[in-house]
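For reference, structure_4.cif (mmCIF, C-alpha atoms):
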```cif
data_work
#
loop_
_atom_site.label_atom_id
_atom_site.label_comp_id
_atom_site.auth_asym_id
_atom_site.auth_seq_id
_atom_site.Cartn_x
_atom_site.Cartn_y
_atom_site.Cartn_z
CA ALA A 9 70.93 -5.71 130.65
CA GLY A 10 71.57 -2.52 132.62
CA LEU A 11 71.18 -4.27 135.97
CA VAL A 12 73.66 -6.97 134.95
CA GLY A 13 76.14 -4.36 133.77
CA LEU A 14 75.80 -2.28 136.92
CA LEU A 15 76.02 -5.13 139.39
CA THR A 16 78.81 -7.02 137.65
CA ALA A 17 81.00 -3.92 137.51
CA ALA A 18 83.36 -3.79 140.48
CA PRO A 19 82.31 -3.38 143.25
CA GLY A 20 78.64 -3.83 142.26
CA LEU A 21 78.13 -7.54 142.72
CA ALA A 22 79.90 -7.39 146.07
CA VAL A 23 76.54 -6.40 147.58
CA ALA A 24 75.42 -10.02 147.02
CA GLY A 25 78.16 -11.33 149.31
CA GLU A 26 78.58 -15.10 149.16
CA GLN A 27 75.62 -15.33 146.75
CA ARG A 28 77.51 -13.47 144.03
CA ASP A 29 77.31 -16.28 141.46
CA VAL A 30 73.62 -16.90 142.20
CA ALA A 31 72.94 -13.17 141.83
CA LEU A 32 74.80 -13.01 138.52
CA ALA A 33 72.86 -15.97 137.13
CA TRP A 34 69.55 -14.46 138.27
CA LEU A 35 70.44 -11.10 136.77
CA ARG A 36 71.54 -12.59 133.46
CA ALA A 37 68.25 -14.45 133.26
CA ASN A 38 65.98 -11.58 134.32
CA ALA A 39 67.65 -8.26 133.48
CA PRO A 40 66.29 -8.18 129.90
CA ARG A 41 62.72 -8.51 131.18
CA LEU A 42 63.31 -5.88 133.88
CA ALA A 43 64.81 -3.51 131.30
CA TYR A 44 61.87 -4.08 128.94
CA ALA A 45 59.39 -3.50 131.77
CA GLU A 46 61.08 -0.18 132.56
CA ARG A 47 60.63 1.24 129.05
CA PRO A 48 57.25 2.94 129.69
CA LEU A 49 59.03 5.35 132.04
CA LEU A 50 60.82 6.78 129.02
CA ALA A 51 57.69 7.14 126.90
CA GLY A 52 55.39 10.14 126.93
CA GLN A 53 53.06 9.97 129.91
CA ARG A 54 49.31 10.01 129.63
CA ARG A 55 48.80 10.58 133.35
CA THR A 56 51.15 12.74 135.34
CA ALA A 57 51.33 14.02 138.89
CA LEU A 58 53.63 16.06 141.07
CA LEU A 59 56.17 13.54 142.38
CA HIS A 60 58.25 13.67 145.54
CA LEU A 61 60.44 10.58 144.83
CA ASP A 62 61.83 10.41 148.38
CA THR A 63 58.72 9.80 150.46
CA ARG A 64 59.71 7.84 153.55
CA SER A 65 58.94 8.05 157.25
CA ASP A 66 61.39 10.86 158.02
CA ASN A 67 59.94 13.00 155.22
CA ILE A 68 56.28 12.79 156.26
CA ARG A 69 54.32 13.95 159.30
CA LEU A 70 50.71 13.64 160.32
CA GLN A 71 49.35 16.88 161.72
CA GLY A 72 45.79 16.29 162.83
CA ASP A 73 43.99 15.08 159.71
CA LEU A 74 46.67 16.45 157.37
CA LEU A 75 49.60 14.60 155.87
CA ARG A 76 52.61 16.90 155.45
CA ILE A 77 55.45 15.91 153.13
CA PHE A 78 58.89 17.49 153.61
CA ASP A 79 62.19 17.62 151.75
CA TRP A 80 61.43 17.98 148.03
CA PRO A 81 64.86 18.02 146.27
CA PHE A 82 63.69 15.52 143.62
CA ALA A 83 60.32 17.13 142.88
CA CYS A 84 59.26 16.52 139.30
CA ILE A 85 56.31 15.57 137.12
CA GLY A 86 55.75 11.96 136.10
CA PRO A 87 53.50 8.94 136.39
CA PRO A 88 51.90 8.67 139.84
CA GLU A 89 52.89 4.98 139.98
CA LEU A 90 56.54 6.03 140.28
CA ASP A 91 55.94 7.79 143.59
CA LEU A 92 53.60 5.01 144.72
CA VAL A 93 56.23 2.30 144.17
CA ALA A 94 58.96 4.45 145.73
CA PHE A 95 56.82 4.90 148.83
CA ALA A 96 55.67 1.26 148.93
CA GLN A 97 59.20 -0.12 148.82
CA SER A 98 60.27 2.42 151.45
CA ILE A 99 57.51 1.26 153.80
CA GLU A 100 58.59 -2.36 153.28
CA THR A 101 62.23 -1.39 153.84
CA GLU A 102 61.33 0.18 157.18
CA GLY A 103 59.66 -3.01 158.41
CA GLY A 104 56.14 -2.37 157.15
CA PRO A 105 54.00 -4.59 154.96
CA ALA A 106 55.05 -5.83 151.53
CA GLY A 107 54.88 -3.25 148.77
CA GLU A 108 51.82 -4.90 147.25
CA ARG A 109 49.82 -4.19 150.44
CA THR A 110 50.59 -0.45 150.25
CA ILE A 111 49.74 -0.49 146.54
CA ALA A 112 46.42 -2.23 147.30
CA TRP A 113 45.53 0.44 149.87
CA TYR A 114 46.25 3.12 147.27
CA GLU A 115 44.09 1.29 144.71
CA GLU A 116 41.16 1.55 147.11
CA VAL A 117 41.05 5.31 146.41
CA SER A 118 42.73 5.79 143.03
CA SER A 119 43.33 3.89 139.82
CA VAL A 120 46.71 2.36 139.07
CA ASP A 121 48.28 1.38 135.76
CA ARG A 122 49.70 -2.13 136.43
CA GLY A 123 52.21 -1.86 133.59
CA MET A 124 53.48 1.42 134.96
CA LEU A 125 53.79 -0.17 138.43
CA ALA A 126 56.15 -2.78 137.00
CA ALA A 127 58.02 -0.07 135.08
CA ALA A 128 58.41 2.00 138.24
CA ALA A 129 59.58 -0.96 140.33
CA SER A 130 62.13 -1.92 137.67
CA GLY A 131 63.37 1.66 137.37
CA ILE A 132 63.67 2.14 141.12
CA ALA A 133 65.50 -1.18 141.47
CA GLY A 134 67.90 -0.01 138.76
CA TYR A 135 68.51 3.23 140.65
CA PHE A 136 69.37 1.41 143.88
CA THR A 137 71.43 -1.13 141.93
CA ASP A 138 73.56 1.79 140.79
CA ARG A 139 73.73 3.62 144.12
CA SER A 140 73.95 0.94 146.80
CA PRO A 141 77.45 -0.45 146.01
CA LYS A 142 79.10 2.98 145.96
CA PRO A 143 81.43 4.03 148.81
CA ASP A 144 79.96 5.75 151.85
CA LEU A 145 79.63 9.52 151.64
CA PRO A 146 81.23 11.74 154.26
CA GLY A 147 78.62 12.77 156.81
CA LEU A 148 76.12 10.13 155.60
CA PRO A 149 77.42 6.88 157.12
CA ARG A 150 74.09 5.00 156.91
CA LEU A 151 73.09 6.02 153.37
CA ARG A 152 74.51 3.06 151.43
CA ALA A 153 73.14 0.51 153.92
CA ALA A 154 69.70 2.12 153.55
CA GLN A 155 70.06 1.99 149.77
CA ARG A 156 70.99 -1.71 149.93
CA ARG A 157 67.79 -2.32 151.91
CA GLN A 158 65.88 -0.38 149.26
CA LEU A 159 67.57 -2.40 146.51
CA THR A 160 66.39 -5.55 148.26
CA ALA A 161 62.79 -4.35 148.61
CA SER A 162 62.46 -2.73 145.17
CA LEU A 163 64.04 -5.57 143.18
CA ALA A 164 61.97 -8.18 145.04
CA LEU A 165 58.84 -6.11 144.38
CA ALA A 166 59.72 -5.77 140.69
CA ALA A 167 60.25 -9.54 140.48
CA ARG A 168 56.87 -10.21 142.09
CA LEU A 169 55.06 -7.70 139.86
CA LEU A 170 56.63 -9.28 136.77
CA ASP A 171 56.14 -12.87 137.96
CA LEU A 172 59.88 -13.54 137.85
CA GLU A 173 61.63 -16.23 139.87
CA SER A 174 62.24 -14.91 143.38
CA PRO A 175 65.69 -13.31 143.72
CA THR A 176 66.54 -15.31 146.86
CA TRP A 177 70.11 -14.03 146.69
CA LEU A 178 68.82 -10.68 147.97
CA GLU A 179 68.79 -12.19 151.47
CA SER A 180 72.60 -12.03 151.37
CA VAL A 181 72.78 -8.32 150.52
CA ALA A 182 74.58 -6.52 153.33
CA ARG A 183 72.15 -4.27 155.14
#
```
Is it possible to give me this structure as structure tokens?
Amino acid sequence: AGLVGLLTAAPGLAVAGEQRDVALAWLRANAPRLAYAERPLLAGQRRTALLHLDTRSDNIRLQGDLLRIFDWPFACIGPPELDLVAFAQSIETEGGPAGERTIAWYEEVSSVDRGMLAAAASGIAGYFTDRSPKPDLPGLPRLRAAQRRQLTASLALAARLLDLESPTWLESVAR
């Protein structure tokens, strides 16, 4: 029920605009399942990797055959699916293919824990649910709009991974 609590707190649900009531009904119906899906992130991890957690186009560069990743303020250790979902939703947010396509490309070269994918998508959606309604920060005028786009992509991805009803109200989130 964390998503419901976060979004219904002023000004949280304001991100849904005119679809506020639809968003609240969707969240009341689906937040328990999203919260349950997120639980594996809190458990001890069998597989861990070095995580970036902010991989997006302005933090990566191709240099010949090498991929360089910049800006590591959130570096930590955790399940590789967390970074995969963070990157997949970022690609979708920037106009690329749906998150599932990026995940499928990754699965061509490495194994993926499907339960952990859903956990990661739910957790990331919760993060952007918390951040996106906050006031703009001085010097970062586009941050909250970017986070609302990431909320839209990550929550829709989580819903698809968990076979939930599509959160159509996300179309009304101010971007």
task = For each of A:Ala83, A:Ala96, A:Ala167, A:Leu21, take the minimum atom-to-atom distance to Ala39 (chain A), counting only C-alpha atoms, then give the residue where this is smallest.
result =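 Checking each candidate against Ala39 (chain A), we get A:Ala167 as the closest.
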ask   = What does the distance between CA of Glu46 (chain A) and CA of Thr101 (chain A) come to in Å, to one decimal place?
value =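 Distance between the two atoms: 21.3 Å.
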ask   = So which one's closest to Ala166 (chain A), A:Arg69, A:Arg122, A:Arg54, A:Arg139? Using all atoms listed in the file, please.
value =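 Using all atoms listed in the file, the shortest distance to Ala166 (chain A) belongs to A:Arg122.
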task = In Å, rounded to a single decimal, give me how far CA of Val30 (chain A) is from CA of Leu42 (chain A).
result =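 Value for the CA of Leu42 (chain A)-CA of Val30 (chain A) distance: 17.2 Å.
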request  = Decode the PyMOL selection byres ((chain A and resi 143) around 12) for the given file into explicit residues and return them as a list in words.
outcome  =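 That selection, the PyMOL selection byres ((chain A and resi 143) around 12), comes back as Ala18, Pro19, Gly20, Ala22, Val23, Asp138, Arg139, Ser140, Pro141, Lys142, Asp144, Leu145, Pro146, Leu148, Pro149, Arg150, Leu151, Arg152, Ala153, Gln155 and Arg156 of chain A.
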Same residues, C-alpha atoms, output as a PDB file, keeping the file's coordinate frame:
```pdb
ATOM      1  CA  ALA A  18      83.360  -3.790 140.480  1.00  0.00           C
ATOM      2  CA  PRO A  19      82.310  -3.380 143.250  1.00  0.00           C
ATOM      3  CA  GLY A  20      78.640  -3.830 142.260  1.00  0.00           C
ATOM      4  CA  ALA A  22      79.900  -7.390 146.070  1.00  0.00           C
ATOM      5  CA  VAL A  23      76.540  -6.400 147.580  1.00  0.00           C
ATOM      6  CA  ASP A 138      73.560   1.790 140.790  1.00  0.00           C
ATOM      7  CA  ARG A 139      73.730   3.620 144.120  1.00  0.00           C
ATOM      8  CA  SER A 140      73.950   0.940 146.800  1.00  0.00           C
ATOM      9  CA  PRO A 141      77.450  -0.450 146.010  1.00  0.00           C
ATOM     10  CA  LYS A 142      79.100   2.980 145.960  1.00  0.00           C
ATOM     11  CA  ASP A 144      79.960   5.750 151.850  1.00  0.00           C
ATOM     12  CA  LEU A 145      79.630   9.520 151.640  1.00  0.00           C
ATOM     13  CA  PRO A 146      81.230  11.740 154.260  1.00  0.00           C
ATOM     14  CA  LEU A 148      76.120  10.130 155.600  1.00  0.00           C
ATOM     15  CA  PRO A 149      77.420   6.880 157.120  1.00  0.00           C
ATOM     16  CA  ARG A 150      74.090   5.000 156.910  1.00  0.00           C
ATOM     17  CA  LEU A 151      73.090   6.020 153.370  1.00  0.00           C
ATOM     18  CA  ARG A 152      74.510   3.060 151.430  1.00  0.00           C
ATOM     19  CA  ALA A 153      73.140   0.510 153.920  1.00  0.00           C
ATOM     20  CA  GLN A 155      70.060   1.990 149.770  1.00  0.00           C
ATOM     21  CA  ARG A 156      70.990  -1.710 149.930  1.00  0.00           C
TER      22      ARG A 156
END
```
inquiry  = Measuring between all atoms listed in the file, which one of A:Val117, A:Ala182, A:Leu169, A:Leu159 shows the shortest distance to Glu100 (chain A)?
reply    =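 Of the candidates, the smallest distance to Glu100 (chain A) is held by A:Leu159.
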Given the PyMOL selection byres ((chain A and resi 45) around 9), the residues it picks as a list in words =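 Evaluating the PyMOL selection byres ((chain A and resi 45) around 9) on this file yields Pro40, Arg41, Leu42, Ala43, Tyr44, Glu46, Arg47, Pro48, Leu49, Gly123, Met124, Ala126, Ala127, Ala128, Ala129, Ser130, Gly131 and Leu170 of chain A.
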inquiry  = Calculated over all atoms listed in the file, which of the candidates A:Glu102, A:Asp66, A:Val120, A:Gln71 has the smallest distance to Pro87 (chain A)?
reply    =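 Closest candidate: A:Val120.
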ask   = In Å, with one decimal, what is the gap from CA of Ala161 (chain A) to CA of Ile99 (chain A)?
value = 9.3 Å
key: Target residues per the PyMOL selection byres ((chain A and resi 97) around 10), formatted as a PyMOL selection string   = chain A and resi 64+92-96+98-102+104-108+110-111+129+132-133+157-166
task = Counting all atoms listed in the file, select every polymer residue within 10 Å of (57.1, 12.1, 137.2) as defined in the file's coordinates, and provide the selection as a PyMOL selection string.
result = chain A and resi 49+53+55-61+82-91
Centre, x/y/z edge lengths, axis-aligned box for region 137-155 of chain A with 8 Å per side, as AutoDock Vina command-line options:
```
--center_x 75.6 --center_y 5.8 --center_z 149.0 --size_x 27.7 --size_y 29.9 --size_z 32.3
```
